[in-house]
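Engineer: Quick one, model.pdb (PDB, C-alpha atoms and all ligand atoms):
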MODEL        1
ATOM      1  CA  MET C 475      60.395 -11.583   9.352
ATOM      2  CA  ASN C 476      56.849 -12.482   8.282
ATOM      3  CA  VAL C 477      56.201 -10.987   4.841
ATOM      4  CA  GLY C 478      52.877 -11.175   2.994
ATOM      5  CA  PHE C 479      52.601 -11.061  -0.802
ATOM      6  CA  ILE C 480      49.368 -10.417  -2.721
ATOM      7  CA  GLY C 481      49.250 -10.795  -6.529
ATOM      8  CA  ILE C 482      51.267 -13.781  -7.740
ATOM      9  CA  GLY C 483      51.162 -12.871 -11.454
ATOM     10  CA  ALA C 484      53.770 -12.359 -14.179
ATOM     11  CA  MET C 485      55.740  -9.995 -11.917
ATOM     12  CA  GLY C 486      54.582 -11.085  -8.474
ATOM     13  CA  LYS C 487      55.564 -14.732  -8.887
ATOM     14  CA  PRO C 488      59.295 -14.203  -9.493
ATOM     15  CA  MET C 489      59.359 -11.401  -6.889
ATOM     16  CA  ALA C 490      57.771 -13.680  -4.282
ATOM     17  CA  GLN C 491      60.213 -16.424  -5.265
ATOM     18  CA  ASN C 492      63.133 -14.075  -4.573
ATOM     19  CA  LEU C 493      61.705 -13.373  -1.113
ATOM     20  CA  LEU C 494      61.350 -17.123  -0.505
ATOM     21  CA  LYS C 495      65.073 -17.573  -1.200
ATOM     22  CA  SER C 496      65.938 -15.300   1.741
ATOM     23  CA  ALA C 497      66.538 -17.081   5.049
ATOM     24  CA  GLN C 498      65.141 -14.029   6.913
ATOM     25  CA  VAL C 499      61.697 -14.195   5.258
ATOM     26  CA  GLN C 500      58.666 -16.326   6.159
ATOM     27  CA  LEU C 501      56.368 -15.778   3.188
ATOM     28  CA  TYR C 502      52.547 -15.662   3.291
ATOM     29  CA  VAL C 503      50.727 -15.458  -0.050
ATOM     30  CA  TYR C 504      47.264 -14.596  -1.365
ATOM     31  CA  ASP C 505      45.858 -14.447  -4.912
ATOM     32  CA  VAL C 506      42.406 -15.035  -6.399
ATOM     33  CA  ASN C 507      44.122 -17.523  -8.724
ATOM     34  CA  ALA C 508      44.426 -20.730  -6.668
ATOM     35  CA  ALA C 509      46.955 -22.285  -9.081
ATOM     36  CA  ALA C 510      49.340 -19.348  -8.598
ATOM     37  CA  VAL C 511      49.109 -19.744  -4.807
ATOM     38  CA  ALA C 512      49.620 -23.524  -5.014
ATOM     39  CA  GLU C 513      52.854 -23.102  -6.976
ATOM     40  CA  LEU C 514      54.347 -20.830  -4.294
ATOM     41  CA  VAL C 515      53.091 -23.079  -1.481
ATOM     42  CA  ALA C 516      54.936 -26.015  -3.095
ATOM     43  CA  GLN C 517      58.079 -23.868  -2.827
ATOM     44  CA  GLY C 518      57.634 -23.100   0.883
ATOM     45  CA  ALA C 519      55.119 -20.238   1.173
ATOM     46  CA  THR C 520      52.093 -20.327   3.512
ATOM     47  CA  PRO C 521      48.701 -19.761   1.812
ATOM     48  CA  CYS C 522      46.098 -17.299   3.136
ATOM     49  CA  GLN C 523      42.377 -17.367   2.352
ATOM     50  CA  SER C 524      41.929 -13.570   2.298
ATOM     51  CA  PRO C 525      43.895 -10.317   2.569
ATOM     52  CA  LYS C 526      42.579 -10.093   6.152
ATOM     53  CA  GLU C 527      44.080 -13.473   7.077
ATOM     54  CA  LEU C 528      47.378 -12.402   5.500
ATOM     55  CA  ALA C 529      47.369  -9.166   7.517
ATOM     56  CA  GLU C 530      46.954 -11.212  10.695
ATOM     57  CA  ALA C 531      50.230 -13.032   9.947
ATOM     58  CA  ALA C 532      52.564 -10.547   8.247
ATOM     59  CA  ALA C 533      54.519  -7.532   9.517
ATOM     60  CA  VAL C 534      55.291  -6.282   6.000
ATOM     61  CA  ILE C 535      52.734  -6.720   3.216
ATOM     62  CA  ILE C 536      53.527  -6.338  -0.482
ATOM     63  CA  MET C 537      50.893  -5.924  -3.209
ATOM     64  CA  MET C 538      51.599  -6.487  -6.923
ATOM     65  CA  LEU C 539      48.140  -6.139  -8.423
ATOM     66  CA  PRO C 540      46.768  -5.091 -11.838
ATOM     67  CA  ASN C 541      45.182  -1.731 -10.985
ATOM     68  CA  ALA C 542      44.055   0.764  -8.346
ATOM     69  CA  ALA C 543      40.479  -0.559  -8.081
ATOM     70  CA  ILE C 544      41.825  -4.007  -7.125
ATOM     71  CA  VAL C 545      44.359  -2.500  -4.703
ATOM     72  CA  GLU C 546      41.574  -0.494  -3.040
ATOM     73  CA  SER C 547      39.299  -3.550  -2.714
ATOM     74  CA  THR C 548      42.228  -5.568  -1.284
ATOM     75  CA  LEU C 549      42.678  -2.987   1.466
ATOM     76  CA  THR C 550      39.067  -2.217   2.346
ATOM     77  CA  GLY C 551      35.967  -4.278   3.163
ATOM     78  CA  GLU C 552      35.348  -7.065   5.666
ATOM     79  CA  GLN C 553      38.056  -9.354   4.287
ATOM     80  CA  GLY C 554      40.472  -6.543   3.430
ATOM     81  CA  LEU C 555      43.964  -5.940   4.779
ATOM     82  CA  LEU C 556      42.869  -3.027   6.944
ATOM     83  CA  ALA C 557      40.264  -5.171   8.717
ATOM     84  CA  ALA C 558      43.114  -6.953  10.526
ATOM     85  CA  GLY C 559      45.990  -4.506  10.062
ATOM     86  CA  LYS C 560      47.624  -3.150  13.196
ATOM     87  CA  ALA C 561      49.966  -0.335  14.192
ATOM     88  CA  GLY C 562      53.602  -1.010  13.314
ATOM     89  CA  GLN C 563      52.872  -2.886  10.089
ATOM     90  CA  THR C 564      54.016  -1.621   6.699
ATOM     91  CA  ILE C 565      52.092  -2.057   3.453
ATOM     92  CA  ILE C 566      54.119  -1.669   0.250
ATOM     93  CA  ASP C 567      52.105  -1.249  -2.939
ATOM     94  CA  MET C 568      54.373  -2.169  -5.857
ATOM     95  CA  SER C 569      51.526  -2.129  -8.427
ATOM     96  CA  SER C 570      51.393   0.663 -11.028
ATOM     97  CA  VAL C 571      48.488   2.855  -9.868
ATOM     98  CA  ALA C 572      47.414   6.510  -9.703
ATOM     99  CA  ALA C 573      49.092   8.678  -7.059
ATOM    100  CA  THR C 574      45.619   9.967  -6.090
ATOM    101  CA  SER C 575      44.507   6.447  -5.160
ATOM    102  CA  THR C 576      47.735   5.796  -3.231
ATOM    103  CA  LYS C 577      47.281   8.979  -1.178
ATOM    104  CA  LYS C 578      43.721   7.881  -0.303
ATOM    105  CA  MET C 579      44.877   4.381   0.726
ATOM    106  CA  ALA C 580      47.877   5.763   2.659
ATOM    107  CA  ALA C 581      45.534   7.989   4.697
ATOM    108  CA  LEU C 582      43.276   5.009   5.553
ATOM    109  CA  ALA C 583      46.285   2.912   6.597
ATOM    110  CA  GLN C 584      47.910   5.703   8.588
ATOM    111  CA  ALA C 585      44.667   6.243  10.504
ATOM    112  CA  LYS C 586      45.317   2.761  11.944
ATOM    113  CA  GLY C 587      49.026   3.439  12.558
ATOM    114  CA  ILE C 588      50.054   1.369   9.513
ATOM    115  CA  ASP C 589      52.810   2.751   7.275
ATOM    116  CA  TYR C 590      51.939   2.800   3.555
ATOM    117  CA  ILE C 591      54.532   3.067   0.809
ATOM    118  CA  ASP C 592      54.115   3.224  -2.973
ATOM    119  CA  ALA C 593      56.959   1.385  -4.698
ATOM    120  CA  PRO C 594      56.182   0.673  -8.365
ATOM    121  CA  VAL C 595      58.879  -1.003 -10.416
ATOM    122  CA  SER C 596      60.502  -1.122 -13.815
ATOM    123  CA  GLY C 597      62.574  -3.884 -15.380
ATOM    124  CA  GLY C 598      59.908  -6.329 -16.562
ATOM    125  CA  VAL C 599      59.548 -10.012 -15.790
ATOM    126  CA  ALA C 600      63.265 -10.568 -16.500
ATOM    127  CA  GLY C 601      64.234  -7.910 -13.926
ATOM    128  CA  ALA C 602      61.757  -9.354 -11.423
ATOM    129  CA  ALA C 603      63.289 -12.835 -11.844
ATOM    130  CA  ALA C 604      66.854 -11.544 -11.566
ATOM    131  CA  GLY C 605      66.034  -9.363  -8.528
ATOM    132  CA  THR C 606      67.335  -6.326 -10.401
ATOM    133  CA  LEU C 607      64.189  -4.186 -10.616
ATOM    134  CA  THR C 608      64.339  -0.414 -10.482
ATOM    135  CA  ILE C 609      62.051   0.613  -7.608
ATOM    136  CA  MET C 610      60.529   4.126  -7.338
ATOM    137  CA  VAL C 611      59.468   4.779  -3.779
ATOM    138  CA  GLY C 612      57.082   7.317  -2.245
ATOM    139  CA  GLY C 613      56.358   7.693   1.467
ATOM    140  CA  GLU C 614      57.730   8.708   4.851
ATOM    141  CA  ASP C 615      61.490   8.336   5.163
ATOM    142  CA  ALA C 616      61.380   6.291   8.399
ATOM    143  CA  ALA C 617      58.925   3.802   6.895
ATOM    144  CA  VAL C 618      61.021   3.492   3.722
ATOM    145  CA  GLN C 619      64.179   2.818   5.752
ATOM    146  CA  THR C 620      62.386   0.068   7.724
ATOM    147  CA  VAL C 621      61.546  -1.931   4.611
ATOM    148  CA  LEU C 622      64.694  -1.185   2.605
ATOM    149  CA  PRO C 623      66.216  -4.643   3.321
ATOM    150  CA  ILE C 624      63.061  -6.246   1.845
ATOM    151  CA  LEU C 625      63.104  -3.981  -1.222
ATOM    152  CA  GLN C 626      66.782  -4.849  -1.716
ATOM    153  CA  LEU C 627      65.798  -8.514  -2.159
ATOM    154  CA  LEU C 628      63.644  -7.445  -5.146
ATOM    155  CA  GLY C 629      65.567  -4.666  -6.840
ATOM    156  CA  LYS C 630      69.005  -3.209  -7.338
ATOM    157  CA  LYS C 631      68.233   0.466  -7.949
ATOM    158  CA  ILE C 632      65.969   1.867  -5.275
ATOM    159  CA  TYR C 633      65.068   5.560  -5.433
ATOM    160  CA  HIS C 634      63.134   7.321  -2.684
ATOM    161  CA  VAL C 635      61.507   9.949  -4.888
ATOM    162  CA  GLY C 636      59.398  11.857  -2.323
ATOM    163  CA  ALA C 637      56.204  11.772  -0.263
ATOM    164  CA  SER C 638      53.274   9.380  -0.703
ATOM    165  CA  GLY C 639      52.378   9.028  -4.398
ATOM    166  CA  ALA C 640      55.733  10.295  -5.715
ATOM    167  CA  GLY C 641      56.818   6.777  -6.720
ATOM    168  CA  ASP C 642      53.575   6.367  -8.688
ATOM    169  CA  SER C 643      54.039   9.726 -10.432
ATOM    170  CA  MET C 644      57.562   8.690 -11.454
ATOM    171  CA  LYS C 645      56.319   5.354 -12.783
ATOM    172  CA  VAL C 646      53.620   7.100 -14.868
ATOM    173  CA  VAL C 647      56.284   9.259 -16.537
ATOM    174  CA  ASN C 648      58.440   6.217 -17.287
ATOM    175  CA  ASN C 649      55.584   4.150 -18.707
ATOM    176  CA  LEU C 650      54.290   6.991 -20.844
ATOM    177  CA  LEU C 651      57.710   6.921 -22.502
ATOM    178  CA  LEU C 652      57.738   3.114 -22.697
ATOM    179  CA  GLY C 653      54.394   3.125 -24.530
ATOM    180  CA  ILE C 654      55.510   5.848 -26.945
ATOM    181  CA  ASN C 655      58.789   4.025 -27.626
ATOM    182  CA  MET C 656      57.064   0.663 -28.127
ATOM    183  CA  ALA C 657      54.551   2.111 -30.592
ATOM    184  CA  ALA C 658      57.393   3.836 -32.441
ATOM    185  CA  VAL C 659      59.507   0.661 -32.626
ATOM    186  CA  ALA C 660      56.510  -1.240 -34.043
ATOM    187  CA  GLU C 661      55.810   1.148 -36.911
ATOM    188  CA  ALA C 662      59.485   1.679 -37.752
ATOM    189  CA  LEU C 663      60.266  -2.059 -37.949
ATOM    190  CA  VAL C 664      57.212  -2.620 -40.159
ATOM    191  CA  LEU C 665      58.389   0.155 -42.494
ATOM    192  CA  GLY C 666      61.859  -1.408 -42.663
ATOM    193  CA  THR C 667      60.535  -4.893 -43.339
ATOM    194  CA  LYS C 668      58.207  -3.588 -46.060
ATOM    195  CA  SER C 669      61.251  -1.827 -47.563
ATOM    196  CA  GLY C 670      62.936  -5.226 -47.863
ATOM    197  CA  LEU C 671      65.291  -5.001 -44.879
ATOM    198  CA  ASP C 672      66.098  -8.074 -42.786
ATOM    199  CA  PRO C 673      64.613  -7.540 -39.271
ATOM    200  CA  LYS C 674      67.706  -9.045 -37.600
ATOM    201  CA  VAL C 675      69.993  -6.680 -39.497
ATOM    202  CA  MET C 676      67.756  -3.719 -38.590
ATOM    203  CA  LEU C 677      67.919  -4.688 -34.918
ATOM    204  CA  GLU C 678      71.697  -5.072 -35.026
ATOM    205  CA  ILE C 679      72.160  -1.630 -36.591
ATOM    206  CA  ILE C 680      69.576   0.336 -34.587
ATOM    207  CA  LYS C 681      71.027  -1.089 -31.339
ATOM    208  CA  GLU C 682      74.256   0.703 -32.298
ATOM    209  CA  SER C 683      72.536   3.842 -33.614
ATOM    210  CA  SER C 684      70.556   6.823 -32.402
ATOM    211  CA  GLY C 685      67.148   5.118 -32.751
ATOM    212  CA  ARG C 686      67.816   2.618 -29.963
ATOM    213  CA  SER C 687      65.587   2.269 -26.890
ATOM    214  CA  TYR C 688      64.700  -0.230 -24.148
ATOM    215  CA  ALA C 689      61.570  -1.156 -26.125
ATOM    216  CA  LEU C 690      63.715  -2.046 -29.138
ATOM    217  CA  GLU C 691      66.329  -3.984 -27.190
ATOM    218  CA  ALA C 692      64.064  -5.843 -24.763
ATOM    219  CA  LYS C 693      61.164  -6.542 -27.094
ATOM    220  CA  THR C 694      62.531  -7.158 -30.596
ATOM    221  CA  ALA C 695      64.890 -10.153 -30.296
ATOM    222  CA  ASN C 696      63.005 -12.036 -27.568
ATOM    223  CA  PHE C 697      59.408 -11.268 -28.500
ATOM    224  CA  ILE C 698      58.751  -9.897 -32.015
ATOM    225  CA  LEU C 699      61.391 -11.804 -34.004
ATOM    226  CA  LYS C 700      60.583 -15.057 -32.155
ATOM    227  CA  ASN C 701      56.811 -14.616 -32.613
ATOM    228  CA  ASN C 702      56.531 -14.996 -28.839
ATOM    229  CA  PHE C 703      53.980 -12.571 -27.384
ATOM    230  CA  ALA C 704      52.681 -14.669 -24.493
ATOM    231  CA  ALA C 705      54.510 -13.635 -21.324
ATOM    232  CA  GLY C 706      55.796 -10.199 -20.341
ATOM    233  CA  PHE C 707      53.928  -6.916 -19.877
ATOM    234  CA  ALA C 708      50.326  -7.020 -21.049
ATOM    235  CA  ILE C 709      48.933  -4.442 -23.509
ATOM    236  CA  ASP C 710      45.953  -3.960 -21.132
ATOM    237  CA  LEU C 711      48.352  -2.933 -18.328
ATOM    238  CA  GLU C 712      50.372  -0.530 -20.480
ATOM    239  CA  TYR C 713      47.131   1.003 -21.782
ATOM    240  CA  LYS C 714      46.118   1.532 -18.127
ATOM    241  CA  ASP C 715      49.472   3.218 -17.411
ATOM    242  CA  MET C 716      49.058   5.531 -20.416
ATOM    243  CA  GLU C 717      45.565   6.365 -19.172
ATOM    244  CA  LEU C 718      47.117   7.316 -15.808
ATOM    245  CA  ALA C 719      49.453   9.642 -17.717
ATOM    246  CA  MET C 720      46.503  11.155 -19.606
ATOM    247  CA  GLU C 721      44.508  11.702 -16.390
ATOM    248  CA  THR C 722      47.508  13.299 -14.693
ATOM    249  CA  ALA C 723      48.134  15.507 -17.730
ATOM    250  CA  LYS C 724      44.485  16.654 -17.823
ATOM    251  CA  SER C 725      44.531  17.519 -14.122
ATOM    252  CA  LEU C 726      47.721  19.575 -14.592
ATOM    253  CA  ASP C 727      46.767  21.134 -17.951
ATOM    254  CA  VAL C 728      49.700  19.513 -19.756
ATOM    255  CA  PRO C 729      49.205  18.503 -23.416
ATOM    256  CA  LEU C 730      50.507  15.032 -24.382
ATOM    257  CA  PRO C 731      49.909  14.751 -28.151
ATOM    258  CA  VAL C 732      52.525  12.067 -28.833
ATOM    259  CA  GLY C 733      51.391  10.040 -25.831
ATOM    260  CA  ALA C 734      47.742  10.355 -26.884
ATOM    261  CA  THR C 735      48.516   8.946 -30.338
ATOM    262  CA  ALA C 736      50.576   6.105 -28.874
ATOM    263  CA  GLN C 737      47.761   5.277 -26.458
ATOM    264  CA  GLN C 738      45.340   5.052 -29.412
ATOM    265  CA  ILE C 739      47.664   2.501 -31.035
ATOM    266  CA  PHE C 740      47.409   0.435 -27.848
ATOM    267  CA  ALA C 741      43.605   0.919 -28.065
ATOM    268  CA  MET C 742      43.723  -0.515 -31.612
ATOM    269  CA  ALA C 743      45.657  -3.543 -30.323
ATOM    270  CA  LYS C 744      43.119  -4.027 -27.503
ATOM    271  CA  ALA C 745      40.265  -3.816 -30.039
ATOM    272  CA  LYS C 746      41.979  -6.605 -32.011
ATOM    273  CA  GLY C 747      41.802  -8.818 -28.899
ATOM    274  CA  LEU C 748      45.508  -8.506 -28.052
ATOM    275  CA  GLY C 749      44.995  -7.062 -24.542
ATOM    276  CA  ARG C 750      46.582  -9.985 -22.675
ATOM    277  CA  GLU C 751      49.557 -10.245 -25.063
ATOM    278  CA  ASP C 752      52.892  -8.539 -24.414
ATOM    279  CA  ILE C 753      53.177  -4.851 -25.408
ATOM    280  CA  SER C 754      55.385  -5.835 -28.361
ATOM    281  CA  ALA C 755      52.228  -7.318 -29.960
ATOM    282  CA  VAL C 756      51.176  -3.763 -30.965
ATOM    283  CA  ILE C 757      53.277  -4.504 -34.042
ATOM    284  CA  LYS C 758      50.514  -6.877 -35.214
ATOM    285  CA  VAL C 759      48.256  -3.839 -35.831
ATOM    286  CA  TRP C 760      50.654  -2.564 -38.521
ATOM    287  CA  GLU C 761      51.715  -5.998 -39.774
ATOM    288  CA  GLU C 762      48.128  -6.841 -40.646
ATOM    289  CA  LEU C 763      47.414  -3.459 -42.256
ATOM    290  CA  VAL C 764      50.552  -3.470 -44.380
ATOM    291  CA  GLY C 765      50.823  -7.201 -45.081
ATOM    292  CA  VAL C 766      54.283  -8.014 -43.682
ATOM    293  CA  GLN C 767      55.575  -9.880 -40.629
ATOM    294  CA  VAL C 768      58.669  -8.806 -38.713
ATOM    295  CA  ARG C 769      60.061 -12.237 -37.770
ATOM    296  CA  GLU C 770      63.362 -14.174 -37.835
TER     297      GLU C 770
HETATM  298  P1  LIG V   1      49.348 -10.044 -13.916
HETATM  299  O1  LIG V   1      47.989  -9.809 -14.460
HETATM  300  O2  LIG V   1      50.225 -11.071 -14.542
HETATM  301  O3  LIG V   1      49.242 -10.433 -12.345
HETATM  302  C1  LIG V   1      48.311  -9.875 -11.467
HETATM  303  C2  LIG V   1      47.987 -10.917 -10.392
HETATM  304  O4  LIG V   1      47.039 -10.346  -9.491
HETATM  305  C3  LIG V   1      47.367 -12.202 -10.941
HETATM  306  O5  LIG V   1      47.985 -13.345 -10.379
HETATM  307  C4  LIG V   1      45.905 -12.108 -10.488
HETATM  308  O6  LIG V   1      45.297 -13.381 -10.270
HETATM  309  C5  LIG V   1      46.063 -11.333  -9.212
HETATM  310  N1  LIG V   1      44.821 -10.698  -8.778
HETATM  311  C6  LIG V   1      43.907 -10.031  -9.551
HETATM  312  N2  LIG V   1      42.893  -9.593  -8.778
HETATM  313  C7  LIG V   1      43.193  -9.967  -7.508
HETATM  314  C8  LIG V   1      42.529  -9.794  -6.261
HETATM  315  N3  LIG V   1      41.367  -9.124  -6.152
HETATM  316  N4  LIG V   1      43.116 -10.308  -5.147
HETATM  317  C9  LIG V   1      44.289 -10.992  -5.228
HETATM  318  N5  LIG V   1      44.953 -11.193  -6.382
HETATM  319  C10 LIG V   1      44.403 -10.676  -7.498
HETATM  320  O7  LIG V   1      50.048  -8.616 -13.882
HETATM  321  P2  LIG V   1      51.625  -8.276 -13.801
HETATM  322  O8  LIG V   1      52.168  -8.175 -15.174
HETATM  323  O9  LIG V   1      52.249  -9.155 -12.780
HETATM  324  O10 LIG V   1      51.522  -6.771 -13.257
HETATM  325  C11 LIG V   1      51.238  -6.469 -11.889
HETATM  326  C12 LIG V   1      51.451  -4.975 -11.675
HETATM  327  O11 LIG V   1      52.805  -4.643 -11.980
HETATM  328  C13 LIG V   1      50.587  -4.088 -12.578
HETATM  329  O12 LIG V   1      50.174  -2.956 -11.852
HETATM  330  C14 LIG V   1      51.519  -3.722 -13.722
HETATM  331  O13 LIG V   1      51.164  -2.509 -14.345
HETATM  332  C15 LIG V   1      52.850  -3.637 -12.989
HETATM  333  N6  LIG V   1      54.063  -3.896 -13.798
HETATM  334  C16 LIG V   1      54.125  -4.941 -14.661
HETATM  335  C17 LIG V   1      55.311  -5.166 -15.382
HETATM  336  C18 LIG V   1      55.451  -6.318 -16.361
HETATM  337  O14 LIG V   1      56.449  -6.341 -17.119
HETATM  338  N7  LIG V   1      54.534  -7.283 -16.387
HETATM  339  C19 LIG V   1      56.409  -4.334 -15.205
HETATM  340  C20 LIG V   1      56.323  -3.292 -14.285
HETATM  341  C21 LIG V   1      55.148  -3.074 -13.576
ENDMDL
END
Transcribe the structure of this file into structure tokens.

Structural biologist:
Amino acid sequence: MNVGFIGIGAMGKPMAQNLLKSAQVQLYVYDVNAAAVAELVAQGATPCQSPKELAEAAAVIIMMLPNAAIVESTLTGEQGLLAAGKAGQTIIDMSSVAATSTKKMAALAQAKGIDYIDAPVSGGVAGAAAGTLTIMVGGEDAAVQTVLPILQLLGKKIYHVGASGAGDSMKVVNNLLLGINMAAVAEALVLGTKSGLDPKVMLEIIKESSGRSYALEAKTANFILKNNFAAGFAIDLEYKDMELAMETAKSLDVPLPVGATAQQIFAMAKAKGLGREDISAVIKVWEELVGVQVRE
């Protein structure tokens, strides 16, 4: 099957590489970053010069892009996917975006007979590389069933949550919690270090205690303690996801006081110029204020 992939970034690259490993997939790739495309081409993918060219070649098209504005511009316009898209194709948007944007894009695609599925993921770069992502799917059942074998090459836990946009809504809830947990881990570890505790001992004990979380386990040993904040999930992207939670909450009249505070901590990290660093770098906000470093 001809599969197109747009957005060969931190997540998209290992996901596309997993598709390349499958004998059933001919992979077509597009990204504004030529170096990212070249790397995949060296591994067997076919490059495309535009989303339109990719839509001419592929039956199933996957997007893994930073935000809704970029997804929308990838679909629309003269060089967009929909300019060449035809009935029977399926577009899967695996980016984390607002359900409202997905519903708009799904309607445009469906007007041309193209199925449109939202399928955001959780599991980070490590889960993308291992092909073990959790995938939260929204869309028509028949369309979801058609692309299930492709999704199974990327993830292990695939949940069809509901109609168009339901996968995005689920992802917003998850990432609101991720942001809150990450901000909480950062301030707690700084308090412990300032109190004279060894960060490695704290990690060991909290992992076995009631304060544990994914943010603690995935981000302390491999990122914070190793002073390695380069790859992973960017602060800018998590801030965007928390903004999606805030917008959803406002539209539904739901207060999110803990989330709002956590989002402001991400805003502080962005203001310090840490936007492209991994979310664990929020700890630097407190480290600098308090004068300690939580490292091995
Ligand atoms: P990234 O910034 O590393 O990658 C995005 C890619 O999109 C880059 O290669 C960039 O060049 C490309 N791109 C940007 N504009 C483009 C355009 N107009 N046309 C084509 N390509 C374009 O981001 P990422 O970390 O891979 O995240 C991608 C999506 O996945 C985001 O929506 C993010 O919220 C979500 N996500 C990320 C993680 C993570 O751990 N990094 C986990 C779950 C979900």

Engineer: What does the distance from atom O12 of ligand LIG 1 (chain V) to CA of Asn541 (chain C) come to in Å, to one decimal?

Structural biologist: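 Distance reported for this atom pair: 5.2 Å.
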
Engineer: Which residues, written as number ranges by chain, have at least one atom at most 9 Å from region 665-669 of chain C, with all atoms listed in the file counted and residues fewer than 4 positions away on the same chain left out?

Structural biologist: C: 660-661, 673, 676, 764-768

Engineer: Kindly resolve the PyMOL selection byres (((not hetatm)) within 8 of (chain V and resi 1)) on the present coordinates and return the residues as a PyMOL selection string.

Structural biologist: chain C and resi 480-487+504-507+510+525+538-542+544-545+547-548+568-571+594-599+706-708+711-712+714-715

Engineer: Take the PyMOL selection byres (((chain C and resi 605) around 7) and not hetatm), apply it to the structure above, and return the hits as a list in words.

Structural biologist: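 Answer for the PyMOL selection byres (((chain C and resi 605) around 7) and not hetatm): Asn492, Gly601, Ala602, Ala603, Ala604, Thr606, Leu607, Leu627, Leu628, Gly629 and Lys630 of chain C.
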
Engineer: Write out as lines of an AutoDock Vina configuration file an axis-aligned box for region 488-501 of chain C: all of its atoms listed in the file, 8 Å added on each side, centre and edge lengths in Å with one decimal.

Structural biologist:
center_x = 61.5
center_y = -14.5
center_z = -1.3
size_x = 26.2
size_y = 22.2
size_z = 32.4

Engineer: So which residues fall inside 6 Å of (59.5, 12.6, -0.3) if we count all atoms listed in the file? Mind giving them as a PDB file with C-alpha atoms, keeping the file's coordinate frame?

Structural biologist:
ATOM      1  CA  VAL C 635      61.507   9.949  -4.888  1.00  0.00           C
ATOM      2  CA  GLY C 636      59.398  11.857  -2.323  1.00  0.00           C
ATOM      3  CA  ALA C 637      56.204  11.772  -0.263  1.00  0.00           C
TER       4      ALA C 637
END

Engineer: I'd like the contact shell of region 644-648 of chain C - 7 Å cut-off, all atoms listed in the file, skipping same-chain residues fewer than 4 positions apart - returned as a PyMOL selection string.

Structural biologist: chain C and resi 594+610+640+652+715+718-719

Engineer: Do you know which residues are at most 10 Å from Ala583 (chain C) counting only C-alpha atoms, after dropping those on the same chain fewer than 4 positions away, and could you put them as a count of residues only?

Structural biologist: 17

Engineer: Please provide the set of residues having any atom within 12 Å of Asn701 (chain C), restricted to all atoms listed in the file, with same-chain residues fewer than 6 positions apart removed, written as a ChimeraX atom specification.

Structural biologist: /C:693-695,751-752,754-755,757-758,767-770

Engineer: Within 7 Å of region 740-748 of chain C, which residues of region 699-726 of chain C show up? Give each one with its shortest atom-to-atom distance in Å (one decimal) and the two atoms involved, counting all atoms listed in the file, rows by chain then rising residue number, as JSON lines.

Structural biologist:
{"residue": "C:Ile709", "atom": "CA", "partner": "C:Phe740", "partner_atom": "CA", "distance": 6.7}
{"residue": "C:Asp710", "atom": "CA", "partner": "C:Lys744", "partner_atom": "CA", "distance": 7.0}
{"residue": "C:Tyr713", "atom": "CA", "partner": "C:Phe740", "partner_atom": "CA", "distance": 6.1}

Engineer: Expand the PyMOL selection byres (((chain C and resi 496) around 12) and not hetatm) into the individual residues it matches in the shown file, reporting them as a PDB file with C-alpha atoms, in the frame of the given file.

Structural biologist:
ATOM      1  CA  MET C 475      60.395 -11.583   9.352  1.00  0.00           C
ATOM      2  CA  ASN C 476      56.849 -12.482   8.282  1.00  0.00           C
ATOM      3  CA  VAL C 477      56.201 -10.987   4.841  1.00  0.00           C
ATOM      4  CA  MET C 489      59.359 -11.401  -6.889  1.00  0.00           C
ATOM      5  CA  ALA C 490      57.771 -13.680  -4.282  1.00  0.00           C
ATOM      6  CA  GLN C 491      60.213 -16.424  -5.265  1.00  0.00           C
ATOM      7  CA  ASN C 492      63.133 -14.075  -4.573  1.00  0.00           C
ATOM      8  CA  LEU C 493      61.705 -13.373  -1.113  1.00  0.00           C
ATOM      9  CA  LEU C 494      61.350 -17.123  -0.505  1.00  0.00           C
ATOM     10  CA  LYS C 495      65.073 -17.573  -1.200  1.00  0.00           C
ATOM     11  CA  ALA C 497      66.538 -17.081   5.049  1.00  0.00           C
ATOM     12  CA  GLN C 498      65.141 -14.029   6.913  1.00  0.00           C
ATOM     13  CA  VAL C 499      61.697 -14.195   5.258  1.00  0.00           C
ATOM     14  CA  GLN C 500      58.666 -16.326   6.159  1.00  0.00           C
ATOM     15  CA  LEU C 501      56.368 -15.778   3.188  1.00  0.00           C
ATOM     16  CA  GLY C 518      57.634 -23.100   0.883  1.00  0.00           C
ATOM     17  CA  ALA C 519      55.119 -20.238   1.173  1.00  0.00           C
ATOM     18  CA  GLY C 605      66.034  -9.363  -8.528  1.00  0.00           C
ATOM     19  CA  PRO C 623      66.216  -4.643   3.321  1.00  0.00           C
ATOM     20  CA  ILE C 624      63.061  -6.246   1.845  1.00  0.00           C
ATOM     21  CA  GLN C 626      66.782  -4.849  -1.716  1.00  0.00           C
ATOM     22  CA  LEU C 627      65.798  -8.514  -2.159  1.00  0.00           C
ATOM     23  CA  LEU C 628      63.644  -7.445  -5.146  1.00  0.00           C
TER      24      LEU C 628
END

Engineer: At what distance in Å, to one decimal, does CA of Pro488 (chain C) lie from CA of Ser575 (chain C)?

Structural biologist: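 Rounded to one decimal, the two atoms are 25.8 Å apart.
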
Engineer: Any idea what the distance is between CA of Thr608 (chain C) and CA of Ala658 (chain C)?

Structural biologist: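 These two atoms are separated by 23.4 Å.
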
Engineer: Counting all atoms listed in the file, which residue out of C:Ala600, C:Leu663, C:Ile739, C:Ala512 sits closest to Ile679 (chain C)?

Structural biologist: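 Under the stated criterion, the closest residue is C:Leu663.
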
Engineer: Measuring between only C-alpha atoms, which one of C:Asn655, C:Leu730, C:Leu650, C:Leu763 shows the shortest distance to Arg686 (chain C)?

Structural biologist: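 Answer, going by the shortest atom-to-atom distance: C:Asn655.
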